[in-house]
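Colleague: Handing over my_file.cif, mmCIF, C-alpha atoms, pLDDT in the B column; chains and numbers go by the auth columns.
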```
data_query
loop_
_atom_site.group_PDB
_atom_site.id
_atom_site.type_symbol
_atom_site.label_atom_id
_atom_site.label_comp_id
_atom_site.label_asym_id
_atom_site.label_seq_id
_atom_site.Cartn_x
_atom_site.Cartn_y
_atom_site.Cartn_z
_atom_site.B_iso_or_equiv
_atom_site.auth_seq_id
_atom_site.auth_asym_id
ATOM 1 C CA MET A 1 26.717 -65.842 -68.947 56.00 39 E
ATOM 2 C CA SER A 2 29.946 -67.705 -69.755 75.00 40 E
ATOM 3 C CA LEU A 3 32.969 -65.431 -69.388 89.00 41 E
ATOM 4 C CA PRO A 4 35.663 -65.233 -72.105 94.00 42 E
ATOM 5 C CA SER A 5 39.420 -65.183 -71.625 95.00 43 E
ATOM 6 C CA LEU A 6 40.567 -62.206 -69.583 96.00 44 E
ATOM 7 C CA LEU A 7 43.780 -60.464 -68.676 97.00 45 E
ATOM 8 C CA LEU A 8 43.639 -58.997 -65.161 97.00 46 E
ATOM 9 C CA VAL A 9 46.384 -56.417 -64.645 96.00 47 E
ATOM 10 C CA GLY A 10 46.828 -56.031 -60.902 93.00 48 E
ATOM 11 C CA CYS A 11 45.423 -58.463 -58.345 93.00 49 E
ATOM 12 C CA GLY A 12 45.142 -56.457 -55.151 90.00 50 E
ATOM 13 C CA LYS A 13 41.995 -56.356 -53.025 88.00 51 E
ATOM 14 C CA MET A 14 39.732 -55.148 -55.825 89.00 52 E
ATOM 15 C CA GLY A 15 41.285 -57.263 -58.554 91.00 53 E
ATOM 16 C CA GLY A 16 41.319 -60.290 -56.283 91.00 54 E
ATOM 17 C CA ALA A 17 37.635 -59.873 -55.413 90.00 55 E
ATOM 18 C CA LEU A 18 36.753 -59.628 -59.094 92.00 56 E
ATOM 19 C CA TRP A 19 38.847 -62.660 -59.961 94.00 57 E
ATOM 20 C CA GLN A 20 37.187 -64.778 -57.300 91.00 58 E
ATOM 21 C CA GLY A 21 33.770 -63.735 -58.556 90.00 59 E
ATOM 22 C CA TRP A 22 34.704 -64.630 -62.129 93.00 60 E
ATOM 23 C CA LEU A 23 35.949 -68.064 -61.110 91.00 61 E
ATOM 24 C CA GLU A 24 32.615 -68.728 -59.449 88.00 62 E
ATOM 25 C CA GLN A 25 30.777 -67.708 -62.636 88.00 63 E
ATOM 26 C CA GLY A 26 32.928 -69.865 -64.902 90.00 64 E
ATOM 27 C CA LEU A 27 35.875 -68.383 -66.734 93.00 65 E
ATOM 28 C CA ALA A 28 37.724 -69.358 -69.923 94.00 66 E
ATOM 29 C CA PRO A 29 41.516 -69.780 -69.509 95.00 67 E
ATOM 30 C CA SER A 30 42.777 -66.405 -68.325 96.00 68 E
ATOM 31 C CA ILE A 31 45.911 -64.679 -67.049 97.00 69 E
ATOM 32 C CA ILE A 32 46.732 -62.464 -64.073 97.00 70 E
ATOM 33 C CA LEU A 33 49.584 -60.002 -64.516 96.00 71 E
ATOM 34 C CA ASP A 34 50.909 -59.225 -61.041 94.00 72 E
ATOM 35 C CA ARG A 35 54.350 -59.491 -59.459 90.00 73 E
ATOM 36 C CA ARG A 36 53.050 -60.596 -56.046 90.00 74 E
ATOM 37 C CA CYS A 37 49.992 -62.707 -56.836 90.00 75 E
ATOM 38 C CA ASP A 38 49.772 -66.397 -55.961 91.00 76 E
ATOM 39 C CA ALA A 39 49.250 -68.793 -58.850 91.00 77 E
ATOM 40 C CA PRO A 40 45.554 -69.282 -59.683 93.00 78 E
ATOM 41 C CA PRO A 41 44.035 -72.742 -60.284 93.00 79 E
ATOM 42 C CA ALA A 42 44.578 -74.344 -63.705 93.00 80 E
ATOM 43 C CA PRO A 43 43.912 -73.667 -66.525 94.00 81 E
ATOM 44 C CA HIS A 44 44.532 -70.081 -65.440 96.00 82 E
ATOM 45 C CA ARG A 45 47.990 -68.728 -64.803 95.00 83 E
ATOM 46 C CA VAL A 46 49.887 -65.773 -63.399 96.00 84 E
ATOM 47 C CA VAL A 47 52.733 -63.894 -65.087 96.00 85 E
ATOM 48 C CA ARG A 48 55.076 -61.418 -63.443 95.00 86 E
ATOM 49 C CA THR A 49 55.744 -59.217 -66.490 94.00 87 E
ATOM 50 C CA ALA A 50 53.936 -58.460 -69.741 94.00 88 E
ATOM 51 C CA GLY A 51 56.788 -60.134 -71.589 94.00 89 E
ATOM 52 C CA GLU A 52 55.751 -63.493 -70.099 95.00 90 E
ATOM 53 C CA ILE A 53 52.288 -63.365 -71.706 96.00 91 E
ATOM 54 C CA PRO A 54 52.175 -66.104 -74.373 95.00 92 E
ATOM 55 C CA SER A 55 52.172 -64.734 -77.908 92.00 93 E
ATOM 56 C CA ASP A 56 49.040 -66.714 -78.790 93.00 94 E
ATOM 57 C CA PHE A 57 47.011 -65.371 -75.847 95.00 95 E
ATOM 58 C CA LYS A 58 44.424 -62.877 -77.120 93.00 96 E
ATOM 59 C CA PRO A 59 42.124 -61.820 -74.265 95.00 97 E
ATOM 60 C CA ALA A 60 38.682 -60.498 -75.098 94.00 98 E
ATOM 61 C CA ILE A 61 38.852 -58.162 -72.110 96.00 99 E
ATOM 62 C CA ILE A 62 41.713 -56.494 -70.251 96.00 100 E
ATOM 63 C CA ILE A 63 40.986 -55.165 -66.766 96.00 101 E
ATOM 64 C CA LEU A 64 43.283 -52.489 -65.367 95.00 102 E
ATOM 65 C CA ALA A 65 43.304 -52.652 -61.563 92.00 103 E
ATOM 66 C CA VAL A 66 46.693 -51.035 -60.947 90.00 104 E
ATOM 67 C CA LYS A 67 47.600 -47.697 -59.382 87.00 105 E
ATOM 68 C CA PRO A 68 46.722 -44.738 -61.648 85.00 106 E
ATOM 69 C CA ALA A 69 50.369 -43.677 -61.790 84.00 107 E
ATOM 70 C CA GLY A 70 51.245 -46.966 -63.482 82.00 108 E
ATOM 71 C CA MET A 71 48.733 -46.652 -66.317 87.00 109 E
ATOM 72 C CA GLU A 72 51.002 -45.492 -69.133 88.00 110 E
ATOM 73 C CA GLU A 73 53.704 -48.044 -68.377 88.00 111 E
ATOM 74 C CA ALA A 74 51.172 -50.863 -68.071 88.00 112 E
ATOM 75 C CA LEU A 75 49.369 -50.080 -71.323 91.00 113 E
ATOM 76 C CA ALA A 76 52.605 -49.538 -73.245 90.00 114 E
ATOM 77 C CA SER A 77 53.777 -53.006 -72.219 92.00 115 E
ATOM 78 C CA LEU A 78 50.452 -54.529 -73.255 93.00 116 E
ATOM 79 C CA ARG A 79 50.342 -53.235 -76.835 90.00 117 E
ATOM 80 C CA PRO A 80 50.682 -56.758 -78.344 89.00 118 E
ATOM 81 C CA VAL A 81 47.390 -57.876 -76.739 93.00 119 E
ATOM 82 C CA LEU A 82 45.443 -54.605 -76.770 92.00 120 E
ATOM 83 C CA ASP A 83 44.216 -54.597 -80.340 89.00 121 E
ATOM 84 C CA GLY A 84 40.506 -55.362 -80.501 89.00 122 E
ATOM 85 C CA ALA A 85 40.173 -55.966 -76.762 94.00 123 E
ATOM 86 C CA ILE A 86 37.754 -54.265 -74.394 96.00 124 E
ATOM 87 C CA VAL A 87 39.851 -52.365 -71.850 96.00 125 E
ATOM 88 C CA ILE A 88 38.075 -51.833 -68.530 97.00 126 E
ATOM 89 C CA SER A 89 39.890 -49.263 -66.417 95.00 127 E
ATOM 90 C CA MET A 90 39.327 -49.007 -62.669 93.00 128 E
ATOM 91 C CA LEU A 91 41.840 -46.191 -62.363 89.00 129 E
ATOM 92 C CA ALA A 92 40.527 -43.135 -60.559 83.00 130 E
ATOM 93 C CA ALA A 93 40.842 -39.776 -62.321 80.00 131 E
ATOM 94 C CA ARG A 94 42.124 -41.305 -65.578 87.00 132 E
ATOM 95 C CA THR A 95 39.898 -40.134 -68.410 90.00 133 E
ATOM 96 C CA VAL A 96 38.859 -42.065 -71.501 91.00 134 E
ATOM 97 C CA GLU A 97 40.951 -39.653 -73.563 91.00 135 E
ATOM 98 C CA SER A 98 44.087 -40.368 -71.526 90.00 136 E
ATOM 99 C CA LEU A 99 43.422 -44.114 -71.657 92.00 137 E
ATOM 100 C CA ARG A 100 42.943 -44.022 -75.417 91.00 138 E
ATOM 101 C CA ALA A 101 46.183 -42.086 -75.843 91.00 139 E
ATOM 102 C CA ALA A 102 48.049 -44.615 -73.684 91.00 140 E
ATOM 103 C CA CYS A 103 46.633 -47.492 -75.758 91.00 141 E
ATOM 104 C CA GLY A 104 48.177 -45.975 -78.867 87.00 142 E
ATOM 105 C CA ASP A 105 47.166 -46.992 -82.368 81.00 143 E
ATOM 106 C CA THR A 106 44.994 -49.944 -81.417 84.00 144 E
ATOM 107 C CA GLN A 107 41.323 -50.768 -81.879 87.00 145 E
ATOM 108 C CA SER A 108 40.723 -51.134 -78.161 91.00 146 E
ATOM 109 C CA ARG A 109 37.302 -50.317 -76.761 95.00 147 E
ATOM 110 C CA ILE A 110 37.617 -48.214 -73.611 95.00 148 E
ATOM 111 C CA VAL A 111 35.411 -48.610 -70.541 97.00 149 E
ATOM 112 C CA ARG A 112 35.754 -46.688 -67.295 96.00 150 E
ATOM 113 C CA ALA A 113 34.538 -48.371 -64.130 96.00 151 E
ATOM 114 C CA MET A 114 34.482 -46.998 -60.602 93.00 152 E
ATOM 115 C CA PRO A 115 33.857 -49.643 -57.904 93.00 153 E
ATOM 116 C CA ASN A 116 33.801 -48.934 -54.197 94.00 154 E
ATOM 117 C CA THR A 117 35.391 -50.825 -51.328 92.00 155 E
ATOM 118 C CA PRO A 118 32.428 -53.088 -50.376 94.00 156 E
ATOM 119 C CA ALA A 119 33.205 -54.814 -53.675 91.00 157 E
ATOM 120 C CA ALA A 120 35.830 -56.696 -51.662 88.00 158 E
ATOM 121 C CA ILE A 121 32.972 -58.742 -50.137 90.00 159 E
ATOM 122 C CA GLY A 122 30.726 -58.758 -53.205 90.00 160 E
ATOM 123 C CA LYS A 123 28.553 -55.887 -51.922 94.00 161 E
ATOM 124 C CA GLY A 124 29.952 -53.032 -53.976 94.00 162 E
ATOM 125 C CA VAL A 125 28.437 -50.546 -56.375 96.00 163 E
ATOM 126 C CA THR A 126 30.325 -49.942 -59.620 96.00 164 E
ATOM 127 C CA GLY A 127 29.647 -46.948 -61.841 96.00 165 E
ATOM 128 C CA VAL A 128 30.456 -47.562 -65.510 97.00 166 E
ATOM 129 C CA CYS A 129 30.537 -45.513 -68.706 96.00 167 E
ATOM 130 C CA SER A 130 31.595 -46.126 -72.309 95.00 168 E
ATOM 131 C CA SER A 131 30.581 -44.961 -75.766 92.00 169 E
ATOM 132 C CA ASP A 132 32.510 -47.753 -77.514 92.00 170 E
ATOM 133 C CA LEU A 133 30.328 -50.800 -76.834 95.00 171 E
ATOM 134 C CA ASP A 134 27.481 -52.533 -78.592 95.00 172 E
ATOM 135 C CA ASP A 135 24.662 -54.115 -76.599 95.00 173 E
ATOM 136 C CA ALA A 136 26.322 -57.532 -76.336 94.00 174 E
ATOM 137 C CA GLN A 137 29.623 -56.036 -75.147 95.00 175 E
ATOM 138 C CA ARG A 138 27.828 -53.875 -72.620 96.00 176 E
ATOM 139 C CA ALA A 139 25.976 -56.927 -71.284 95.00 177 E
ATOM 140 C CA LEU A 140 29.291 -58.774 -70.988 94.00 178 E
ATOM 141 C CA CYS A 141 30.855 -55.915 -69.019 96.00 179 E
ATOM 142 C CA THR A 142 27.816 -55.821 -66.746 96.00 180 E
ATOM 143 C CA SER A 143 28.170 -59.550 -66.101 94.00 181 E
ATOM 144 C CA LEU A 144 31.864 -59.153 -65.289 94.00 182 E
ATOM 145 C CA LEU A 145 31.448 -56.234 -62.919 95.00 183 E
ATOM 146 C CA SER A 146 28.373 -57.646 -61.197 94.00 184 E
ATOM 147 C CA ALA A 147 30.694 -60.291 -59.742 91.00 185 E
ATOM 148 C CA VAL A 148 31.374 -57.783 -56.941 91.00 186 E
ATOM 149 C CA GLY A 149 27.964 -56.139 -56.558 95.00 187 E
ATOM 150 C CA ASP A 150 25.567 -53.812 -58.326 96.00 188 E
ATOM 151 C CA VAL A 151 26.425 -52.093 -61.609 97.00 189 E
ATOM 152 C CA ALA A 152 25.197 -48.610 -62.536 97.00 190 E
ATOM 153 C CA TRP A 153 25.747 -47.431 -66.131 97.00 191 E
ATOM 154 C CA VAL A 154 25.901 -43.679 -66.678 97.00 192 E
ATOM 155 C CA ASP A 155 25.851 -41.692 -69.897 95.00 193 E
ATOM 156 C CA ASN A 156 29.211 -39.924 -69.725 94.00 194 E
ATOM 157 C CA GLU A 157 32.364 -39.247 -67.730 91.00 195 E
ATOM 158 C CA GLU A 158 30.868 -36.185 -66.055 91.00 196 E
ATOM 159 C CA GLN A 159 28.233 -38.403 -64.475 93.00 197 E
ATOM 160 C CA LEU A 160 30.874 -40.969 -63.569 92.00 198 E
ATOM 161 C CA GLU A 161 32.886 -38.304 -61.764 89.00 199 E
ATOM 162 C CA ALA A 162 29.692 -37.276 -59.961 90.00 200 E
ATOM 163 C CA LEU A 163 29.520 -40.816 -58.573 91.00 201 E
ATOM 164 C CA THR A 164 32.927 -40.428 -56.916 89.00 202 E
ATOM 165 C CA PRO A 165 31.834 -38.481 -53.814 93.00 203 E
ATOM 166 C CA ILE A 166 28.649 -40.531 -53.476 95.00 204 E
ATOM 167 C CA SER A 167 29.417 -44.224 -53.993 94.00 205 E
ATOM 168 C CA GLY A 168 33.211 -44.009 -54.205 92.00 206 E
ATOM 169 C CA CYS A 169 33.685 -42.001 -51.015 94.00 207 E
ATOM 170 C CA GLY A 170 30.404 -43.060 -49.414 96.00 208 E
ATOM 171 C CA PRO A 171 31.731 -46.048 -47.456 96.00 209 E
ATOM 172 C CA ALA A 172 34.061 -43.671 -45.580 97.00 210 E
ATOM 173 C CA TYR A 173 31.057 -41.612 -44.477 98.00 211 E
ATOM 174 C CA VAL A 174 29.351 -44.739 -43.171 98.00 212 E
ATOM 175 C CA PHE A 175 32.509 -45.869 -41.367 98.00 213 E
ATOM 176 C CA LEU A 176 32.756 -42.397 -39.813 98.00 214 E
ATOM 177 C CA LEU A 177 29.196 -42.750 -38.525 98.00 215 E
ATOM 178 C CA ALA A 178 30.081 -46.065 -36.891 98.00 216 E
ATOM 179 C CA GLU A 179 33.218 -44.484 -35.430 98.00 217 E
ATOM 180 C CA LEU A 180 31.263 -41.560 -33.968 98.00 218 E
ATOM 181 C CA LEU A 181 28.510 -43.797 -32.574 98.00 219 E
ATOM 182 C CA GLU A 182 31.131 -45.892 -30.808 98.00 220 E
ATOM 183 C CA LYS A 183 32.784 -42.796 -29.321 98.00 221 E
ATOM 184 C CA GLU A 184 29.426 -41.520 -28.104 98.00 222 E
ATOM 185 C CA ALA A 185 28.592 -44.878 -26.592 98.00 223 E
ATOM 186 C CA LEU A 186 31.828 -44.655 -24.624 98.00 224 E
ATOM 187 C CA ARG A 187 31.094 -41.070 -23.621 98.00 225 E
ATOM 188 C CA VAL A 188 27.717 -41.942 -22.121 97.00 226 E
ATOM 189 C CA GLY A 189 29.237 -44.723 -20.045 98.00 227 E
ATOM 190 C CA LEU A 190 29.046 -47.989 -21.978 98.00 228 E
ATOM 191 C CA PRO A 191 32.035 -50.368 -21.754 98.00 229 E
ATOM 192 C CA PRO A 192 34.318 -50.556 -24.830 98.00 230 E
ATOM 193 C CA GLU A 193 33.212 -54.027 -25.964 98.00 231 E
ATOM 194 C CA THR A 194 29.553 -53.037 -25.831 98.00 232 E
ATOM 195 C CA ALA A 195 30.196 -49.685 -27.513 98.00 233 E
ATOM 196 C CA ARG A 196 31.926 -51.362 -30.432 98.00 234 E
ATOM 197 C CA LEU A 197 29.297 -54.081 -30.769 98.00 235 E
ATOM 198 C CA ILE A 198 26.280 -51.786 -30.809 98.00 236 E
ATOM 199 C CA ALA A 199 27.885 -49.154 -33.071 98.00 237 E
ATOM 200 C CA ARG A 200 28.992 -51.611 -35.731 98.00 238 E
ATOM 201 C CA GLY A 201 25.871 -53.745 -35.422 98.00 239 E
ATOM 202 C CA THR A 202 23.566 -50.753 -35.700 98.00 240 E
ATOM 203 C CA VAL A 203 25.237 -49.449 -38.864 98.00 241 E
ATOM 204 C CA SER A 204 25.562 -52.831 -40.572 97.00 242 E
ATOM 205 C CA GLY A 205 22.057 -53.900 -39.494 98.00 243 E
ATOM 206 C CA ALA A 206 20.474 -50.693 -40.758 97.00 244 E
ATOM 207 C CA GLY A 207 22.317 -51.118 -44.047 96.00 245 E
ATOM 208 C CA ALA A 208 21.094 -54.696 -44.373 96.00 246 E
ATOM 209 C CA LEU A 209 17.513 -53.580 -43.666 97.00 247 E
ATOM 210 C CA LEU A 210 17.817 -50.839 -46.274 96.00 248 E
ATOM 211 C CA ALA A 211 19.104 -53.347 -48.828 94.00 249 E
ATOM 212 C CA ALA A 212 16.371 -55.880 -48.059 96.00 250 E
ATOM 213 C CA SER A 213 13.476 -53.437 -47.889 96.00 251 E
ATOM 214 C CA GLY A 214 11.553 -52.061 -50.827 92.00 252 E
ATOM 215 C CA GLU A 215 10.831 -48.891 -48.860 97.00 253 E
ATOM 216 C CA GLU A 216 12.490 -45.549 -49.524 97.00 254 E
ATOM 217 C CA SER A 217 15.232 -44.596 -47.075 97.00 255 E
ATOM 218 C CA GLU A 218 13.117 -41.606 -45.984 97.00 256 E
ATOM 219 C CA THR A 219 10.227 -43.940 -45.155 98.00 257 E
ATOM 220 C CA LEU A 220 12.477 -46.241 -43.133 98.00 258 E
ATOM 221 C CA ARG A 221 13.778 -43.238 -41.209 97.00 259 E
ATOM 222 C CA LYS A 222 10.258 -42.065 -40.440 97.00 260 E
ATOM 223 C CA ASN A 223 9.282 -45.568 -39.345 97.00 261 E
ATOM 224 C CA VAL A 224 11.904 -45.373 -36.597 96.00 262 E
ATOM 225 C CA THR A 225 10.889 -41.875 -35.540 97.00 263 E
ATOM 226 C CA SER A 226 7.898 -41.553 -33.217 96.00 264 E
ATOM 227 C CA PRO A 227 6.523 -37.989 -33.053 95.00 265 E
ATOM 228 C CA ASN A 228 8.212 -36.068 -30.245 95.00 266 E
ATOM 229 C CA GLY A 229 10.042 -39.244 -29.241 96.00 267 E
ATOM 230 C CA VAL A 230 13.675 -39.957 -28.446 97.00 268 E
ATOM 231 C CA THR A 231 14.765 -40.414 -32.080 97.00 269 E
ATOM 232 C CA ALA A 232 12.875 -37.285 -33.125 97.00 270 E
ATOM 233 C CA LYS A 233 14.822 -35.215 -30.599 97.00 271 E
ATOM 234 C CA ALA A 234 18.130 -36.507 -31.944 97.00 272 E
ATOM 235 C CA LEU A 235 17.080 -35.867 -35.542 97.00 273 E
ATOM 236 C CA GLU A 236 16.094 -32.297 -34.688 97.00 274 E
ATOM 237 C CA VAL A 237 19.810 -31.694 -34.196 97.00 275 E
ATOM 238 C CA LEU A 238 21.145 -33.785 -37.067 97.00 276 E
ATOM 239 C CA MET A 239 18.605 -32.521 -39.614 97.00 277 E
ATOM 240 C CA ALA A 240 18.822 -28.846 -38.719 97.00 278 E
ATOM 241 C CA PRO A 241 19.616 -26.779 -41.841 95.00 279 E
ATOM 242 C CA HIS A 242 23.149 -26.011 -40.626 96.00 280 E
ATOM 243 C CA ALA A 243 23.849 -29.660 -39.632 97.00 281 E
ATOM 244 C CA TRP A 244 23.832 -32.778 -41.819 96.00 282 E
ATOM 245 C CA PRO A 245 21.952 -31.283 -44.800 95.00 283 E
ATOM 246 C CA ALA A 246 24.465 -28.452 -45.158 96.00 284 E
ATOM 247 C CA THR A 247 27.624 -30.326 -44.185 97.00 285 E
ATOM 248 C CA MET A 248 26.844 -33.272 -46.468 96.00 286 E
ATOM 249 C CA SER A 249 26.388 -30.915 -49.415 96.00 287 E
ATOM 250 C CA GLU A 250 29.650 -29.177 -48.549 97.00 288 E
ATOM 251 C CA ALA A 251 31.454 -32.519 -48.232 96.00 289 E
ATOM 252 C CA ILE A 252 30.179 -33.722 -51.625 96.00 290 E
ATOM 253 C CA ASP A 253 31.153 -30.435 -53.274 95.00 291 E
ATOM 254 C CA ASN A 254 34.666 -30.626 -51.787 95.00 292 E
ATOM 255 C CA ALA A 255 35.109 -34.186 -53.017 92.00 293 E
ATOM 256 C CA MET A 256 33.851 -33.352 -56.511 90.00 294 E
ATOM 257 C CA LYS A 257 36.205 -30.373 -56.709 90.00 295 E
ATOM 258 C CA ARG A 258 39.176 -32.561 -55.787 89.00 296 E
ATOM 259 C CA SER A 259 38.123 -35.272 -58.236 83.00 297 E
ATOM 260 C CA ARG A 260 38.056 -32.719 -61.065 81.00 298 E
ATOM 261 C CA GLU A 261 41.454 -31.387 -60.055 83.00 299 E
ATOM 262 C CA MET A 262 42.932 -34.894 -60.189 79.00 300 E
ATOM 263 C CA ALA A 263 41.387 -35.585 -63.593 74.00 301 E
ATOM 264 C CA SER A 264 42.691 -32.383 -65.176 71.00 302 E
#
```
As C-alpha cells, please, write out the structure in this file.
Modeller:
Amino acid sequence: MSLPSLLLVGCGKMGGALWQGWLEQGLAPSIILDRRCDAPPAPHRVVRTAGEIPSDFKPAIIILAVKPAGMEEALASLRPVLDGAIVISMLAARTVESLRAACGDTQSRIVRAMPNTPAAIGKGVTGVCSSDLDDAQRALCTSLLSAVGDVAWVDNEEQLEALTPISGCGPAYVFLLAELLEKEALRVGLPPETARLIARGTVSGAGALLAASGEESETLRKNVTSPNGVTAKALEVLMAPHAWPATMSEAIDNAMKRSREMAS
C-alpha cells in the first residue's frame, strides 16, 4: 500500500523506527517535527517548530510520538493541520477523550496505538483502537503500524489498557528472565562470558522458535519436558501454584492498576 503524506511529531527510538519502516514502504513527501532529528532524505524534511510547517502542507495522518506530558502543547500548536487528519497517538495513559479535547474544534479522527519496545527492530506488537475510522482508513493505519511489527486491533480503550501489562510491559519480563538466567549461570560456576552468551541466546532462540512455530506455547514447553526429567524438576518449582502462576497474575494486576491510575 502506498503511504500518503504524514506528519511525525517526535522522532525518538519509536518514531525513528516507524519512519524508517515507512521509507522502505514508499512514502509521499512528509515532515518530521522534532528539535533534535537529523534531516531526512528528500523530498521529506524536518522542522524544529510547528510554526515552520508550510501552510500548504496538509498531512493525511499525524503521528504523536512525544512524551505524554507534551500532548496538549503539541496538539495546540498543530491546530492548522489537524482538521480532517487521522491522529494516531502513541502516548501512554492519554485517553481518546483527552486527545479529542486537546485537538479542539477540528474534524480529526482519533486513533490510540500502543507499541512495545521490540518495535525498534521491527519485531514489535502494537495494540490499536478507534471508533472513528472507516474500513479504508483502518487498513491504512494497519499498514502504517505494521512497519514495526504485528498489529492487534481491539474494540475499545478498556481492552487497549489491558494490553499494557501484557505486550507493553512484557519485554521487561523477558529481559528479567534473561537477567536471572545469567545470574544463575554465574552462581553454578560458569564464567561471565559463557553465562551471558547462554542466557541471552536461550531467551532469544526460544522466542525465535515460538515465532516460527505453528505450535501453541504450551505444546512447545511440553516438547522440551521429558517426564521426570531435568526440565520437569525445574518446572515443578516454577509452575507451583504459589510460584509463576500466582506471581504473574499479581504482577499483571499491579500493572493494570497503575495504568488505570495514570489514565484517570
Colleague: For a cut-off of 9 Å around (47.7, -43.2, -72.2), file coordinates, pick out all residues using all atoms listed in the file and list them as a PyMOL selection string.
Modeller: chain E and resi 109-111+113-114+132+134-142
Colleague: Put those residues in a file: C-alpha atoms, as a tab-separated table (two decimals), keeping the file's coordinate frame.
Modeller:
```tsv
chain	number	residue	atom	x	y	z
E	109	MET	CA	48.73	-46.65	-66.32
E	110	GLU	CA	51.00	-45.49	-69.13
E	111	GLU	CA	53.70	-48.04	-68.38
E	113	LEU	CA	49.37	-50.08	-71.32
E	114	ALA	CA	52.60	-49.54	-73.24
E	132	ARG	CA	42.12	-41.30	-65.58
E	134	VAL	CA	38.86	-42.06	-71.50
E	135	GLU	CA	40.95	-39.65	-73.56
E	136	SER	CA	44.09	-40.37	-71.53
E	137	LEU	CA	43.42	-44.11	-71.66
E	138	ARG	CA	42.94	-44.02	-75.42
E	139	ALA	CA	46.18	-42.09	-75.84
E	140	ALA	CA	48.05	-44.62	-73.68
E	141	CYS	CA	46.63	-47.49	-75.76
E	142	GLY	CA	48.18	-45.98	-78.87
```
Colleague: What does the PyMOL selection byres ((chain E and resi 287-300) around 9) select in this file, as JSON, numbers by chain?
Modeller: {"E": [130, 131, 132, 199, 200, 201, 202, 203, 204, 207, 282, 283, 284, 285, 286, 301, 302]}
Colleague: Using C-alpha atoms, can you export the residues from the last selection as a PDB file, keeping the file's coordinate frame?
Modeller:
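The result, written out as part_3.pdb:
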```pdb
ATOM      1  CA  ALA E 130      40.527 -43.135 -60.559  1.00 83.00           C
ATOM      2  CA  ALA E 131      40.842 -39.776 -62.321  1.00 80.00           C
ATOM      3  CA  ARG E 132      42.124 -41.305 -65.578  1.00 87.00           C
ATOM      4  CA  GLU E 199      32.886 -38.304 -61.764  1.00 89.00           C
ATOM      5  CA  ALA E 200      29.692 -37.276 -59.961  1.00 90.00           C
ATOM      6  CA  LEU E 201      29.520 -40.816 -58.573  1.00 91.00           C
ATOM      7  CA  THR E 202      32.927 -40.428 -56.916  1.00 89.00           C
ATOM      8  CA  PRO E 203      31.834 -38.481 -53.814  1.00 93.00           C
ATOM      9  CA  ILE E 204      28.649 -40.531 -53.476  1.00 95.00           C
ATOM     10  CA  CYS E 207      33.685 -42.001 -51.015  1.00 94.00           C
ATOM     11  CA  TRP E 282      23.832 -32.778 -41.819  1.00 96.00           C
ATOM     12  CA  PRO E 283      21.952 -31.283 -44.800  1.00 95.00           C
ATOM     13  CA  ALA E 284      24.465 -28.452 -45.158  1.00 96.00           C
ATOM     14  CA  THR E 285      27.624 -30.326 -44.185  1.00 97.00           C
ATOM     15  CA  MET E 286      26.844 -33.272 -46.468  1.00 96.00           C
ATOM     16  CA  ALA E 301      41.387 -35.585 -63.593  1.00 74.00           C
ATOM     17  CA  SER E 302      42.691 -32.383 -65.176  1.00 71.00           C
TER      18      SER E 302
END
```
Colleague: Can you tell me how far CA of Thr87 (chain E) sits from CA of Ala107 (chain E), in Å to one decimal?
Modeller: 17.1 Å
Colleague: If the box runs along x, y and z of the file and leaves 6 Å on each side of region 181-188 of chain E, what are its centre and edge lengths in Å, one decimal, as lines of an AutoDock Vina configuration file?
Modeller:
```
center_x = 28.7
center_y = -57.1
center_z = -61.3
size_x = 18.3
size_y = 18.5
size_z = 21.5
```
Colleague: I'd like the interatomic distance between CA of Lys271 (chain E) and CA of Leu219 (chain E), to a tenth of an Å.
Modeller: 16.3 Å
Colleague: Since the input lacks some atoms of region 134-144 of chain E, please model N, CA and C atoms and print them as a PDB file, in the coordinates of the input.
Modeller:
```
ATOM      1  N   VAL E 134      38.871 -41.245 -70.294  1.00 91.00           N
ATOM      2  CA  VAL E 134      38.859 -42.065 -71.501  1.00 91.00           C
ATOM      3  C   VAL E 134      39.887 -41.551 -72.503  1.00 91.00           C
ATOM      4  N   GLU E 135      39.983 -40.239 -72.626  1.00 91.00           N
ATOM      5  CA  GLU E 135      40.951 -39.653 -73.563  1.00 91.00           C
ATOM      6  C   GLU E 135      42.377 -40.052 -73.220  1.00 91.00           C
ATOM      7  N   SER E 136      42.728 -39.999 -71.928  1.00 90.00           N
ATOM      8  CA  SER E 136      44.087 -40.368 -71.526  1.00 90.00           C
ATOM      9  C   SER E 136      44.316 -41.860 -71.704  1.00 90.00           C
ATOM     10  N   LEU E 137      43.294 -42.667 -71.461  1.00 92.00           N
ATOM     11  CA  LEU E 137      43.422 -44.114 -71.657  1.00 92.00           C
ATOM     12  C   LEU E 137      43.609 -44.441 -73.139  1.00 92.00           C
ATOM     13  N   ARG E 138      42.832 -43.765 -73.985  1.00 91.00           N
ATOM     14  CA  ARG E 138      42.943 -44.022 -75.417  1.00 91.00           C
ATOM     15  C   ARG E 138      44.327 -43.633 -75.932  1.00 91.00           C
ATOM     16  N   ALA E 139      44.848 -42.516 -75.434  1.00 91.00           N
ATOM     17  CA  ALA E 139      46.183 -42.086 -75.843  1.00 91.00           C
ATOM     18  C   ALA E 139      47.233 -43.102 -75.398  1.00 91.00           C
ATOM     19  N   ALA E 140      47.081 -43.644 -74.184  1.00 91.00           N
ATOM     20  CA  ALA E 140      48.049 -44.615 -73.684  1.00 91.00           C
ATOM     21  C   ALA E 140      47.967 -45.940 -74.433  1.00 91.00           C
ATOM     22  N   CYS E 141      46.780 -46.258 -74.974  1.00 91.00           N
ATOM     23  CA  CYS E 141      46.633 -47.492 -75.758  1.00 91.00           C
ATOM     24  C   CYS E 141      47.291 -47.376 -77.131  1.00 91.00           C
ATOM     25  N   GLY E 142      47.514 -46.157 -77.578  1.00 87.00           N
ATOM     26  CA  GLY E 142      48.177 -45.975 -78.867  1.00 87.00           C
ATOM     27  C   GLY E 142      47.276 -46.335 -80.032  1.00 87.00           C
ATOM     28  N   ASP E 143      47.888 -46.715 -81.124  1.00 81.00           N
ATOM     29  CA  ASP E 143      47.166 -46.992 -82.368  1.00 81.00           C
ATOM     30  C   ASP E 143      46.620 -48.418 -82.354  1.00 81.00           C
ATOM     31  N   THR E 144      45.641 -48.639 -81.489  1.00 84.00           N
ATOM     32  CA  THR E 144      44.994 -49.944 -81.417  1.00 84.00           C
ATOM     33  C   THR E 144      43.495 -49.747 -81.568  1.00 84.00           C
TER      34      THR E 144
END
```
